[in-house]
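What follows is entry09.cif (mmCIF, C-alpha atoms).
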data_work
loop_
_atom_site.group_PDB
_atom_site.id
_atom_site.type_symbol
_atom_site.label_atom_id
_atom_site.label_comp_id
_atom_site.auth_asym_id
_atom_site.auth_seq_id
_atom_site.Cartn_x
_atom_site.Cartn_y
_atom_site.Cartn_z
ATOM 1 C CA MET F 13 29.658 -48.045 37.123
ATOM 2 C CA ALA F 14 26.260 -47.535 38.718
ATOM 3 C CA SER F 15 26.815 -43.777 38.784
ATOM 4 C CA PHE F 16 27.619 -43.882 35.053
ATOM 5 C CA TYR F 17 24.239 -45.517 34.296
ATOM 6 C CA ARG F 18 22.585 -42.953 36.508
ATOM 7 C CA ILE F 19 24.109 -40.129 34.477
ATOM 8 C CA VAL F 20 23.029 -41.783 31.214
ATOM 9 C CA VAL F 21 19.463 -42.287 32.452
ATOM 10 C CA ALA F 22 19.311 -38.735 33.785
ATOM 11 C CA ALA F 23 20.550 -37.381 30.438
ATOM 12 C CA LEU F 24 17.924 -39.437 28.563
ATOM 13 C CA VAL F 25 15.162 -38.207 30.855
ATOM 14 C CA VAL F 26 16.243 -34.581 30.349
ATOM 15 C CA LEU F 27 16.452 -35.117 26.569
ATOM 16 C CA ALA F 28 13.004 -36.738 26.441
ATOM 17 C CA THR F 29 11.570 -33.831 28.427
ATOM 18 C CA ILE F 30 12.945 -31.014 26.303
ATOM 19 C CA THR F 31 12.563 -32.655 22.876
ATOM 20 C CA PRO F 32 8.830 -31.791 22.473
ATOM 21 C CA PHE F 33 9.646 -28.176 23.247
ATOM 22 C CA LEU F 34 12.448 -28.085 20.682
ATOM 23 C CA GLN F 35 10.332 -29.473 17.860
ATOM 24 C CA PRO F 36 7.903 -26.598 17.151
ATOM 25 C CA ALA F 37 10.769 -24.157 16.718
ATOM 26 C CA SER F 38 12.662 -26.362 14.308
ATOM 27 C CA ALA F 39 9.506 -27.279 12.351
ATOM 28 C CA GLN F 40 9.142 -23.637 11.239
ATOM 29 C CA SER F 41 11.748 -22.569 8.738
ATOM 30 C CA VAL F 42 13.421 -19.184 8.985
ATOM 31 C CA THR F 43 11.597 -18.195 5.795
ATOM 32 C CA GLU F 44 8.241 -18.994 7.382
ATOM 33 C CA ILE F 45 8.985 -17.010 10.549
ATOM 34 C CA ARG F 46 10.217 -13.989 8.594
ATOM 35 C CA ALA F 47 7.306 -14.187 6.134
ATOM 36 C CA LYS F 48 4.737 -14.296 8.960
ATOM 37 C CA ALA F 49 6.289 -11.230 10.608
ATOM 38 C CA LEU F 50 6.278 -9.331 7.293
ATOM 39 C CA PHE F 51 2.679 -10.386 6.547
ATOM 40 C CA ASN F 52 1.662 -8.533 9.709
ATOM 41 C CA GLU F 53 3.615 -5.415 8.741
ATOM 42 C CA LEU F 54 2.216 -5.006 5.220
ATOM 43 C CA ARG F 55 -1.226 -3.589 4.565
ATOM 44 C CA CYS F 56 -3.674 -5.193 2.169
ATOM 45 C CA VAL F 57 -4.137 -2.132 -0.008
ATOM 46 C CA VAL F 58 -7.698 -2.939 -1.075
ATOM 47 C CA CYS F 59 -8.974 -3.897 2.378
ATOM 48 C CA ALA F 60 -10.059 -1.567 5.192
ATOM 49 C CA GLY F 61 -7.307 -1.621 7.803
ATOM 50 C CA GLN F 62 -6.259 -5.244 7.400
ATOM 51 C CA SER F 63 -2.758 -6.605 7.041
ATOM 52 C CA ILE F 64 -2.045 -9.142 4.305
ATOM 53 C CA ALA F 65 -1.837 -11.757 7.085
ATOM 54 C CA GLU F 66 -5.498 -11.125 7.953
ATOM 55 C CA SER F 67 -6.950 -10.721 4.477
ATOM 56 C CA ASN F 68 -7.636 -13.340 1.871
ATOM 57 C CA ALA F 69 -8.285 -10.852 -0.928
ATOM 58 C CA GLU F 70 -6.682 -11.856 -4.216
ATOM 59 C CA LEU F 71 -4.278 -8.935 -3.974
ATOM 60 C CA ALA F 72 -3.257 -10.001 -0.458
ATOM 61 C CA GLN F 73 -2.597 -13.523 -1.771
ATOM 62 C CA ASP F 74 -0.378 -12.063 -4.498
ATOM 63 C CA MET F 75 1.443 -9.873 -1.986
ATOM 64 C CA ARG F 76 2.063 -12.805 0.375
ATOM 65 C CA ALA F 77 3.438 -14.886 -2.489
ATOM 66 C CA GLN F 78 5.712 -12.006 -3.484
ATOM 67 C CA VAL F 79 7.024 -11.644 0.110
ATOM 68 C CA VAL F 80 8.050 -15.318 0.058
ATOM 69 C CA VAL F 81 9.676 -14.915 -3.382
ATOM 70 C CA LEU F 82 11.669 -11.918 -2.125
ATOM 71 C CA ILE F 83 12.767 -13.754 1.068
ATOM 72 C CA GLU F 84 13.942 -16.692 -1.032
ATOM 73 C CA ASP F 85 15.800 -14.149 -3.171
ATOM 74 C CA ASN F 86 17.843 -13.349 -0.009
ATOM 75 C CA ARG F 87 16.430 -9.830 0.468
ATOM 76 C CA SER F 88 16.505 -8.364 3.960
ATOM 77 C CA ASP F 89 13.281 -7.374 5.747
ATOM 78 C CA ALA F 90 14.091 -3.690 5.175
ATOM 79 C CA GLU F 91 14.631 -4.317 1.452
ATOM 80 C CA ILE F 92 11.302 -6.136 1.211
ATOM 81 C CA ARG F 93 9.479 -3.267 2.937
ATOM 82 C CA ASP F 94 11.191 -0.867 0.510
ATOM 83 C CA TRP F 95 10.159 -3.057 -2.425
ATOM 84 C CA PHE F 96 6.500 -2.566 -1.540
ATOM 85 C CA MET F 97 6.906 1.096 -0.524
ATOM 86 C CA THR F 98 8.338 2.186 -3.896
ATOM 87 C CA ARG F 99 5.392 0.497 -5.620
ATOM 88 C CA TYR F 100 2.491 1.224 -3.245
ATOM 89 C CA GLY F 101 3.730 4.222 -1.232
ATOM 90 C CA ASP F 102 4.105 4.622 2.545
ATOM 91 C CA ALA F 103 0.524 3.531 3.204
ATOM 92 C CA VAL F 104 1.427 -0.091 2.429
ATOM 93 C CA LEU F 105 3.083 -0.285 5.870
ATOM 94 C CA MET F 106 0.783 -0.909 8.839
ATOM 95 C CA ASN F 107 3.045 1.436 10.859
ATOM 96 C CA PRO F 108 3.526 4.623 8.841
ATOM 97 C CA PRO F 109 7.183 5.705 8.669
ATOM 98 C CA LEU F 110 8.333 8.616 10.828
ATOM 99 C CA LYS F 111 8.980 11.664 8.637
ATOM 100 C CA PRO F 112 8.010 15.376 8.670
ATOM 101 C CA LEU F 113 4.634 14.695 7.056
ATOM 102 C CA THR F 114 3.686 12.074 9.658
ATOM 103 C CA LEU F 115 5.003 13.889 12.757
ATOM 104 C CA ALA F 116 1.480 15.006 13.732
ATOM 105 C CA LEU F 117 0.263 11.423 13.365
ATOM 106 C CA TRP F 118 2.932 10.050 15.702
ATOM 107 C CA PHE F 119 3.160 12.824 18.286
ATOM 108 C CA GLY F 120 -0.203 14.617 17.980
ATOM 109 C CA PRO F 121 -1.983 12.386 20.531
ATOM 110 C CA VAL F 122 0.906 12.783 23.006
ATOM 111 C CA LEU F 123 0.787 16.567 22.525
ATOM 112 C CA ILE F 124 -2.974 16.690 23.107
ATOM 113 C CA PHE F 125 -2.582 14.514 26.223
ATOM 114 C CA LEU F 126 0.165 16.760 27.604
ATOM 115 C CA MET F 127 -1.965 19.858 27.030
ATOM 116 C CA GLY F 128 -4.913 18.233 28.797
ATOM 117 C CA ALA F 129 -2.689 17.179 31.693
ATOM 118 C CA GLY F 130 -1.245 20.701 31.836
ATOM 119 C CA ILE F 131 -4.677 22.317 31.969
ATOM 120 C CA THR F 132 -5.852 19.868 34.636
ATOM 121 C CA GLY F 133 -2.719 20.537 36.680
ATOM 122 C CA LEU F 134 -3.135 24.297 36.424
ATOM 123 C CA VAL F 135 -6.804 24.145 37.399
ATOM 124 C CA LEU F 136 -5.929 22.044 40.443
ATOM 125 C CA LEU F 137 -3.070 24.412 41.318
ATOM 126 C CA ARG F 138 -5.428 27.357 41.055
ATOM 127 C CA GLY F 139 -7.965 25.657 43.304
ATOM 128 C CA ARG F 140 -5.286 24.901 45.875
ATOM 129 C CA SER F 141 -3.936 28.478 45.913
ATOM 130 C CA ARG F 142 -7.491 29.747 46.378
ATOM 131 C CA LEU F 143 -7.963 27.300 49.221
ATOM 132 C CA GLY F 144 -4.732 28.624 50.757
ATOM 133 C CA GLU F 145 -6.008 32.193 50.464
ATOM 134 C CA GLY F 146 -9.296 31.129 52.027
ATOM 135 C CA GLU F 147 -7.474 29.734 55.049
ATOM 136 C CA LYS F 148 -5.502 32.936 55.444
ATOM 137 C CA ASN F 149 -8.589 35.129 55.251
ATOM 138 C CA PRO F 150 -11.493 33.295 56.880
ATOM 139 C CA MET H 5 2.049 32.507 40.626
ATOM 140 C CA SER H 6 -0.805 34.932 40.856
ATOM 141 C CA ASP H 7 -4.334 33.746 40.360
ATOM 142 C CA ALA H 8 -4.878 36.021 37.350
ATOM 143 C CA ALA H 9 -1.750 34.696 35.563
ATOM 144 C CA LEU H 10 -2.780 31.056 36.148
ATOM 145 C CA ARG H 11 -6.237 31.826 34.910
ATOM 146 C CA LEU H 12 -4.837 33.407 31.737
ATOM 147 C CA ILE H 13 -2.601 30.378 31.032
ATOM 148 C CA ILE H 14 -5.550 27.989 31.530
ATOM 149 C CA VAL H 15 -7.741 29.980 29.148
ATOM 150 C CA VAL H 16 -5.004 30.223 26.498
ATOM 151 C CA LEU H 17 -4.184 26.490 26.691
ATOM 152 C CA GLY H 18 -7.888 25.670 26.578
ATOM 153 C CA VAL H 19 -8.440 27.758 23.463
ATOM 154 C CA ILE H 20 -5.409 26.152 21.735
ATOM 155 C CA SER H 21 -6.689 22.639 22.633
ATOM 156 C CA ILE H 22 -10.146 23.377 21.295
ATOM 157 C CA PHE H 23 -8.580 24.745 18.097
ATOM 158 C CA LEU H 24 -6.364 21.621 17.680
ATOM 159 C CA VAL H 25 -9.222 19.159 18.242
ATOM 160 C CA GLY H 26 -11.478 21.263 16.019
ATOM 161 C CA SER H 27 -8.972 21.263 13.153
ATOM 162 C CA LEU H 28 -8.544 17.466 13.486
ATOM 163 C CA LEU H 29 -12.316 17.028 13.202
ATOM 164 C CA TRP H 30 -12.494 19.571 10.367
ATOM 165 C CA PHE H 31 -10.102 17.491 8.241
ATOM 166 C CA GLY H 32 -11.087 14.070 9.580
ATOM 167 C CA LEU H 33 -14.843 14.436 9.099
ATOM 168 C CA ASN H 34 -14.688 16.119 5.683
ATOM 169 C CA PRO H 35 -17.344 14.275 3.628
ATOM 170 C CA GLN H 36 -15.190 14.664 0.505
ATOM 171 C CA ARG H 37 -12.458 12.579 2.097
ATOM 172 C CA ASP H 38 -12.607 8.796 1.766
ATOM 173 C CA PRO H 39 -10.305 7.261 4.382
ATOM 174 C CA ALA H 40 -10.390 3.924 2.558
ATOM 175 C CA SER H 41 -9.123 5.394 -0.702
ATOM 176 C CA PHE H 42 -5.532 4.559 -1.501
ATOM 177 C CA PRO H 43 -3.142 7.331 -2.513
ATOM 178 C CA THR H 44 -3.151 7.514 -6.296
ATOM 179 C CA SER H 45 -0.339 9.989 -6.602
ATOM 180 C CA THR H 46 2.596 9.487 -8.921
ATOM 181 C CA ALA H 47 4.925 9.214 -5.911
ATOM 182 C CA ILE H 48 5.449 5.520 -6.681
ATOM 183 C CA GLU H 49 8.082 4.058 -8.984
ATOM 184 C CA PRO H 50 6.665 1.273 -11.169
ATOM 185 C CA ASP H 51 9.107 -1.418 -12.159
ATOM 186 C CA PHE H 52 9.081 -2.686 -15.762
ATOM 187 C CA SER H 53 11.359 -5.676 -15.074
ATOM 188 C CA ALA H 54 8.577 -8.273 -15.386
ATOM 189 C CA LEU H 55 6.948 -6.810 -18.485
ATOM 190 C CA ASP H 56 8.378 -9.520 -20.769
ATOM 191 C CA LEU H 57 7.085 -12.291 -18.441
ATOM 192 C CA GLY H 58 3.510 -11.864 -19.656
ATOM 193 C CA THR H 59 1.731 -14.713 -21.409
ATOM 194 C CA PRO H 60 0.627 -13.987 -25.020
ATOM 195 C CA LEU H 61 -3.125 -14.242 -25.605
ATOM 196 C CA PRO H 62 -4.249 -16.995 -28.009
ATOM 197 C CA GLY H 63 -4.888 -15.369 -31.402
ATOM 198 C CA PHE H 64 -3.070 -12.205 -30.309
ATOM 199 C CA GLU H 65 0.467 -13.642 -30.330
ATOM 200 C CA GLY H 66 1.540 -10.890 -32.732
ATOM 201 C CA PHE H 67 0.785 -8.405 -29.949
ATOM 202 C CA GLY H 68 2.797 -10.323 -27.347
ATOM 203 C CA ASP H 69 6.022 -8.272 -27.363
ATOM 204 C CA VAL H 70 5.132 -5.607 -24.824
ATOM 205 C CA ASN H 71 8.648 -4.187 -24.547
ATOM 206 C CA ARG H 72 8.689 -3.469 -28.300
ATOM 207 C CA VAL H 73 6.062 -0.767 -27.760
ATOM 208 C CA ARG H 74 8.166 0.819 -25.027
ATOM 209 C CA SER H 75 11.252 0.914 -27.218
ATOM 210 C CA GLU H 76 9.480 1.926 -30.437
ATOM 211 C CA ALA H 77 7.262 4.593 -28.889
ATOM 212 C CA ALA H 78 9.490 7.613 -29.355
ATOM 213 C CA GLY H 79 7.240 9.608 -27.050
ATOM 214 C CA PRO H 80 5.094 8.809 -24.028
ATOM 215 C CA TYR H 81 3.147 5.573 -23.705
ATOM 216 C CA VAL H 82 0.277 4.178 -21.670
ATOM 217 C CA VAL H 83 -0.079 0.967 -19.649
ATOM 218 C CA ASN H 84 -3.646 -0.242 -19.028
ATOM 219 C CA PHE H 85 -4.605 -3.133 -16.737
ATOM 220 C CA PHE H 86 -7.896 -4.813 -17.624
ATOM 221 C CA ALA H 87 -9.752 -8.126 -17.301
ATOM 222 C CA SER H 88 -12.558 -9.817 -19.185
ATOM 223 C CA TRP H 89 -14.424 -10.332 -15.877
ATOM 224 C CA CYS H 90 -14.149 -6.633 -14.987
ATOM 225 C CA GLN H 91 -17.339 -4.643 -15.515
ATOM 226 C CA PRO H 92 -15.889 -1.108 -15.053
ATOM 227 C CA CYS H 93 -13.351 -2.010 -17.779
ATOM 228 C CA ARG H 94 -16.261 -2.187 -20.233
ATOM 229 C CA LEU H 95 -17.131 1.408 -19.354
ATOM 230 C CA GLU H 96 -13.782 2.719 -20.546
ATOM 231 C CA HIS H 97 -13.381 0.247 -23.417
ATOM 232 C CA PRO H 98 -15.000 2.466 -26.103
ATOM 233 C CA TYR H 99 -12.654 5.305 -25.108
ATOM 234 C CA LEU H 100 -9.620 2.976 -25.153
ATOM 235 C CA LEU H 101 -10.554 1.919 -28.707
ATOM 236 C CA GLU H 102 -10.766 5.579 -29.684
ATOM 237 C CA PHE H 103 -7.441 6.369 -27.968
ATOM 238 C CA GLY H 104 -5.661 3.359 -29.496
ATOM 239 C CA ALA H 105 -6.808 4.339 -32.988
ATOM 240 C CA ALA H 106 -5.752 7.978 -32.520
ATOM 241 C CA ASN H 107 -2.375 7.080 -30.929
ATOM 242 C CA PRO H 108 -1.101 3.919 -32.676
ATOM 243 C CA GLY H 109 1.787 2.071 -31.049
ATOM 244 C CA THR H 110 1.474 3.620 -27.581
ATOM 245 C CA LEU H 111 -1.097 1.563 -25.637
ATOM 246 C CA ILE H 112 0.060 -1.506 -23.671
ATOM 247 C CA GLY H 113 -2.586 -3.858 -22.250
ATOM 248 C CA LEU H 114 -2.052 -6.233 -19.329
ATOM 249 C CA ALA H 115 -4.801 -8.719 -18.451
ATOM 250 C CA TYR H 116 -5.017 -9.021 -14.653
ATOM 251 C CA ARG H 117 -6.023 -12.326 -13.029
ATOM 252 C CA ASP H 118 -7.598 -13.435 -16.268
ATOM 253 C CA ASP H 119 -7.498 -16.641 -18.301
ATOM 254 C CA PRO H 120 -5.651 -15.780 -21.559
ATOM 255 C CA LEU H 121 -8.481 -17.502 -23.465
ATOM 256 C CA ASN H 122 -11.140 -15.293 -21.818
ATOM 257 C CA ALA H 123 -9.057 -12.144 -22.339
ATOM 258 C CA ALA H 124 -8.618 -13.040 -26.020
ATOM 259 C CA ALA H 125 -12.358 -13.690 -26.413
ATOM 260 C CA TYR H 126 -13.105 -10.308 -24.806
ATOM 261 C CA LEU H 127 -10.771 -8.460 -27.208
ATOM 262 C CA THR H 128 -12.200 -10.383 -30.184
ATOM 263 C CA SER H 129 -15.811 -9.520 -29.358
ATOM 264 C CA ASP H 130 -15.349 -5.951 -28.047
ATOM 265 C CA GLY H 131 -12.342 -4.901 -30.155
ATOM 266 C CA ASN H 132 -8.621 -4.664 -29.400
ATOM 267 C CA PRO H 133 -7.380 -1.163 -28.541
ATOM 268 C CA TYR H 134 -3.851 -2.330 -27.647
ATOM 269 C CA ALA H 135 -0.613 -2.097 -29.614
ATOM 270 C CA ALA H 136 0.683 -4.891 -27.390
ATOM 271 C CA VAL H 137 -1.194 -7.080 -24.941
ATOM 272 C CA VAL H 138 -0.340 -10.019 -22.650
ATOM 273 C CA ALA H 139 -1.861 -11.776 -19.647
ATOM 274 C CA ASP H 140 -0.136 -10.983 -16.336
ATOM 275 C CA LEU H 141 -0.623 -14.530 -15.031
ATOM 276 C CA LYS H 142 1.433 -14.391 -11.821
ATOM 277 C CA SER H 143 0.332 -10.795 -11.042
ATOM 278 C CA LEU H 144 4.002 -9.825 -10.995
ATOM 279 C CA ASN H 145 3.413 -6.789 -13.207
ATOM 280 C CA ALA H 146 0.390 -5.852 -11.110
ATOM 281 C CA LEU H 147 2.535 -5.744 -7.950
ATOM 282 C CA ASN H 148 5.397 -4.044 -9.788
ATOM 283 C CA PHE H 149 3.042 -1.260 -10.864
ATOM 284 C CA GLY H 150 1.411 -0.893 -7.444
ATOM 285 C CA LEU H 151 -1.925 -2.028 -8.877
ATOM 286 C CA THR H 152 -4.879 -2.110 -6.481
ATOM 287 C CA GLY H 153 -7.591 -3.235 -8.903
ATOM 288 C CA VAL H 154 -8.766 -3.127 -12.501
ATOM 289 C CA PRO H 155 -9.061 -1.037 -14.540
ATOM 290 C CA GLU H 156 -6.033 1.089 -13.797
ATOM 291 C CA THR H 157 -4.150 3.204 -16.305
ATOM 292 C CA TYR H 158 -0.614 4.631 -16.160
ATOM 293 C CA VAL H 159 0.798 7.386 -18.395
ATOM 294 C CA PHE H 160 4.580 7.317 -18.805
ATOM 295 C CA SER H 161 6.942 9.851 -20.345
ATOM 296 C CA ALA H 162 9.340 8.680 -23.052
ATOM 297 C CA ASP H 163 11.947 8.308 -20.260
ATOM 298 C CA GLY H 164 9.677 5.970 -18.300
ATOM 299 C CA ASP H 165 8.670 8.454 -15.580
ATOM 300 C CA LEU H 166 5.141 7.998 -14.227
ATOM 301 C CA LEU H 167 3.167 11.125 -15.142
ATOM 302 C CA PHE H 168 -0.383 10.119 -14.262
ATOM 303 C CA ARG H 169 -2.149 7.202 -12.685
ATOM 304 C CA SER H 170 -5.862 6.602 -13.033
ATOM 305 C CA PRO H 171 -7.175 4.456 -10.161
ATOM 306 C CA GLY H 172 -10.389 3.651 -12.026
ATOM 307 C CA PRO H 173 -12.071 3.591 -15.434
ATOM 308 C CA LEU H 174 -11.289 6.446 -17.825
ATOM 309 C CA VAL H 175 -14.709 8.080 -17.669
ATOM 310 C CA GLY H 176 -15.762 11.468 -16.335
ATOM 311 C CA ALA H 177 -13.151 13.370 -14.314
ATOM 312 C CA LEU H 178 -10.500 10.642 -14.605
ATOM 313 C CA LYS H 179 -10.852 10.672 -18.395
ATOM 314 C CA THR H 180 -10.373 14.459 -18.455
ATOM 315 C CA GLN H 181 -7.300 14.186 -16.208
ATOM 316 C CA PHE H 182 -5.929 11.386 -18.384
ATOM 317 C CA ILE H 183 -6.366 13.434 -21.578
ATOM 318 C CA ASN H 184 -4.693 16.448 -19.936
ATOM 319 C CA ALA H 185 -1.752 14.328 -18.734
ATOM 320 C CA TRP H 186 -1.371 12.711 -22.163
ATOM 321 C CA GLU H 187 -1.429 16.045 -23.970
ATOM 322 C CA ALA H 188 0.998 17.610 -21.485
ATOM 323 C CA ALA H 189 3.354 14.671 -22.050
ATOM 324 C CA GLN H 190 3.628 15.237 -25.808
#
Structure re-expressed in structure tokens:
Amino acid sequence: MASFYRIVVAALVVLATITPFLQPASAQSVTEIRAKALFNELRCVVCAGQSIAESNAELAQDMRAQVVVLIEDNRSDAEIRDWFMTRYGDAVLMNPPLKPLTLALWFGPVLIFLMGAGITGLVLLRGRSRLGEGEKNP
Amino acid sequence: MSDAALRLIIVVLGVISIFLVGSLLWFGLNPQRDPASFPTSTAIEPDFSALDLGTPLPGFEGFGDVNRVRSEAAGPYVVNFFASWCQPCRLEHPYLLEFGAANPGTLIGLAYRDDPLNAAAYLTSDGNPYAAVVADLKSLNALNFGLTGVPETYVFSADGDLLFRSPGPLVGALKTQFINAWEAAQ
């Protein structure tokens, strides 16, 4: 019997410990979590480089309200992004979509880095081969 | 690899890098380019679904059926967003009056973030260029049209295709472009 009480007490202690950690997650609805993620993905189109999560411009307020309306209308995240893209163009997304026109934007920096690394490598290689020659012919 | 070949590759790669960085700066630092400006192309697809959700303006209830203009205009039509609090709108207002008189039954007005009473007072004092006009109270039309601010003007073909979008008041170059788009649409 004593072991039964022990188990009950242990279970209560565990429950009391994890309950505070469970609460914050359940306090936020799925709509809220999805809306917050989308707010960070959509650009406030009248602000300089701010998402609608960061801006309190009137247009950003309207856009946030519309995101919530669309979520409550059971649209998927992709559909909501599309909704804004057909109306405001690609630039409404904080991350521009990958397509032929934006290839340079996505891969240009990598290309420039690789070229720099290549040049550095070749210069070092050249220096080393010269050093080698120097050792051969003192 | 021979020293001369390595040297050649380094020089060639260096020249290409300088050219790439130079072309980036050439386009990026062009004083004509405003990085904050939003694309105003016609690559967007405005959605008319909320057009009948506008609120009629007091005293202008007879102008409240915005979709009637779309159905009755056999040819192209124009959608103009304005507000009584908007100063640049006053710049284009005389031209809108002129356009509305010359092209009856084609100009739709949507008051953006405006009290219907104030919008009505504005049209009473400054004149009403619109064949139909409502207040877009919940900004649903504004979002559906990809509006970024007022005034903004959209020219549509009879089939509802967006032909031209003016991101500012119809004065100067934008007015010329608007007139050209309107005449080309006829």
### Message
Only residues of chain F matter here; which ones have an atom within 9 Å of chain H, counting all atoms listed in the file? Give them as a ChimeraX atom specification.
### Response
/F:57-61,70-71,74-75,78,95-101,103,124,127-128,130-132,134-135,137-138,141-142
#### Entry: Exercise: H:Ala124 partners within 7 Å, all atoms listed in the file, chain neighbours under 2 positions left out, as a list in words
Leu61, Pro62, Gly63, Pro120, Leu121, Asn122, Tyr126, Leu127 and Thr128 of chain H
### Message
Can you translate the PyMOL selection byres ((chain H and resi 82) around 8) into the concrete residues it hits in this file, as a count of residues only?
### Response
11
### Task
Name all residues at most 12 Å from F:Asp89 (count all atoms listed in the file; drop same-chain ones fewer than 5 positions away) and give them as an NGL selection string.
:F and (43 or 45-51 or 53-54 or 79-80 or 82-84 or 94-96)
### Message
Using the chain letters and numbers from this file, what does the PyMOL selection byres ((chain H and resi 108) around 12) select? Give the answer as a PyMOL selection string.
### Response
chain H and resi 73+76-82+100-107+109-112+132-136
Where atoms are absent from stretch 30-36 of chain H, fill them in so it carries all heavy atoms, then output it as a PDB file, keeping the file's coordinate frame.
ATOM      1  N   TRP H  30     -12.218  18.885  11.626  1.00  0.00           N
ATOM      2  CA  TRP H  30     -12.494  19.571  10.367  1.00  0.00           C
ATOM      3  C   TRP H  30     -11.948  18.761   9.182  1.00  0.00           C
ATOM      4  O   TRP H  30     -12.622  18.557   8.180  1.00  0.00           O
ATOM      5  CB  TRP H  30     -11.879  20.968  10.403  1.00  0.00           C
ATOM      6  CG  TRP H  30     -12.081  21.743   9.144  1.00  0.00           C
ATOM      7  CD1 TRP H  30     -11.228  21.837   8.091  1.00  0.00           C
ATOM      8  CD2 TRP H  30     -13.222  22.541   8.806  1.00  0.00           C
ATOM      9  NE1 TRP H  30     -11.765  22.628   7.118  1.00  0.00           N
ATOM     10  CE2 TRP H  30     -12.984  23.076   7.529  1.00  0.00           C
ATOM     11  CE3 TRP H  30     -14.414  22.836   9.462  1.00  0.00           C
ATOM     12  CZ2 TRP H  30     -13.898  23.914   6.895  1.00  0.00           C
ATOM     13  CZ3 TRP H  30     -15.312  23.667   8.821  1.00  0.00           C
ATOM     14  CH2 TRP H  30     -15.057  24.186   7.556  1.00  0.00           C
ATOM     15  N   PHE H  31     -10.699  18.275   9.327  1.00  0.00           N
ATOM     16  CA  PHE H  31     -10.102  17.491   8.241  1.00  0.00           C
ATOM     17  C   PHE H  31     -10.616  16.053   8.260  1.00  0.00           C
ATOM     18  O   PHE H  31     -10.920  15.484   7.212  1.00  0.00           O
ATOM     19  CB  PHE H  31      -8.575  17.501   8.355  1.00  0.00           C
ATOM     20  CG  PHE H  31      -7.981  18.845   8.043  1.00  0.00           C
ATOM     21  CD1 PHE H  31      -7.364  19.592   9.029  1.00  0.00           C
ATOM     22  CD2 PHE H  31      -8.045  19.368   6.757  1.00  0.00           C
ATOM     23  CE1 PHE H  31      -6.833  20.841   8.743  1.00  0.00           C
ATOM     24  CE2 PHE H  31      -7.517  20.614   6.470  1.00  0.00           C
ATOM     25  CZ  PHE H  31      -6.909  21.349   7.469  1.00  0.00           C
ATOM     26  N   GLY H  32     -10.738  15.484   9.466  1.00  0.00           N
ATOM     27  CA  GLY H  32     -11.087  14.070   9.580  1.00  0.00           C
ATOM     28  C   GLY H  32     -12.512  13.772   9.157  1.00  0.00           C
ATOM     29  O   GLY H  32     -12.787  12.705   8.613  1.00  0.00           O
ATOM     30  N   LEU H  33     -13.431  14.697   9.392  1.00  0.00           N
ATOM     31  CA  LEU H  33     -14.843  14.436   9.099  1.00  0.00           C
ATOM     32  C   LEU H  33     -15.302  15.090   7.795  1.00  0.00           C
ATOM     33  O   LEU H  33     -16.489  15.178   7.533  1.00  0.00           O
ATOM     34  CB  LEU H  33     -15.734  14.922  10.256  1.00  0.00           C
ATOM     35  CG  LEU H  33     -15.489  14.213  11.597  1.00  0.00           C
ATOM     36  CD1 LEU H  33     -16.408  14.769  12.668  1.00  0.00           C
ATOM     37  CD2 LEU H  33     -15.700  12.718  11.468  1.00  0.00           C
ATOM     38  N   ASN H  34     -14.347  15.536   6.975  1.00  0.00           N
ATOM     39  CA  ASN H  34     -14.688  16.119   5.683  1.00  0.00           C
ATOM     40  C   ASN H  34     -15.383  15.063   4.810  1.00  0.00           C
ATOM     41  O   ASN H  34     -14.803  14.013   4.529  1.00  0.00           O
ATOM     42  CB  ASN H  34     -13.385  16.600   5.010  1.00  0.00           C
ATOM     43  CG  ASN H  34     -13.643  17.186   3.645  1.00  0.00           C
ATOM     44  OD1 ASN H  34     -14.779  17.256   3.198  1.00  0.00           O
ATOM     45  ND2 ASN H  34     -12.575  17.616   2.998  1.00  0.00           N
ATOM     46  N   PRO H  35     -16.634  15.313   4.398  1.00  0.00           N
ATOM     47  CA  PRO H  35     -17.344  14.275   3.628  1.00  0.00           C
ATOM     48  C   PRO H  35     -16.691  13.976   2.276  1.00  0.00           C
ATOM     49  O   PRO H  35     -16.930  12.915   1.697  1.00  0.00           O
ATOM     50  CB  PRO H  35     -18.750  14.872   3.449  1.00  0.00           C
ATOM     51  CG  PRO H  35     -18.604  16.326   3.705  1.00  0.00           C
ATOM     52  CD  PRO H  35     -17.451  16.503   4.643  1.00  0.00           C
ATOM     53  N   GLN H  36     -15.853  14.903   1.792  1.00  0.00           N
ATOM     54  CA  GLN H  36     -15.190  14.664   0.505  1.00  0.00           C
ATOM     55  C   GLN H  36     -14.057  13.639   0.639  1.00  0.00           C
ATOM     56  O   GLN H  36     -13.593  13.099  -0.347  1.00  0.00           O
ATOM     57  CB  GLN H  36     -14.578  15.974  -0.029  1.00  0.00           C
ATOM     58  CG  GLN H  36     -15.558  17.098  -0.225  1.00  0.00           C
ATOM     59  CD  GLN H  36     -16.458  16.855  -1.416  1.00  0.00           C
ATOM     60  OE1 GLN H  36     -15.977  16.531  -2.489  1.00  0.00           O
ATOM     61  NE2 GLN H  36     -17.754  16.976  -1.220  1.00  0.00           N
TER      62      GLN H  36
END
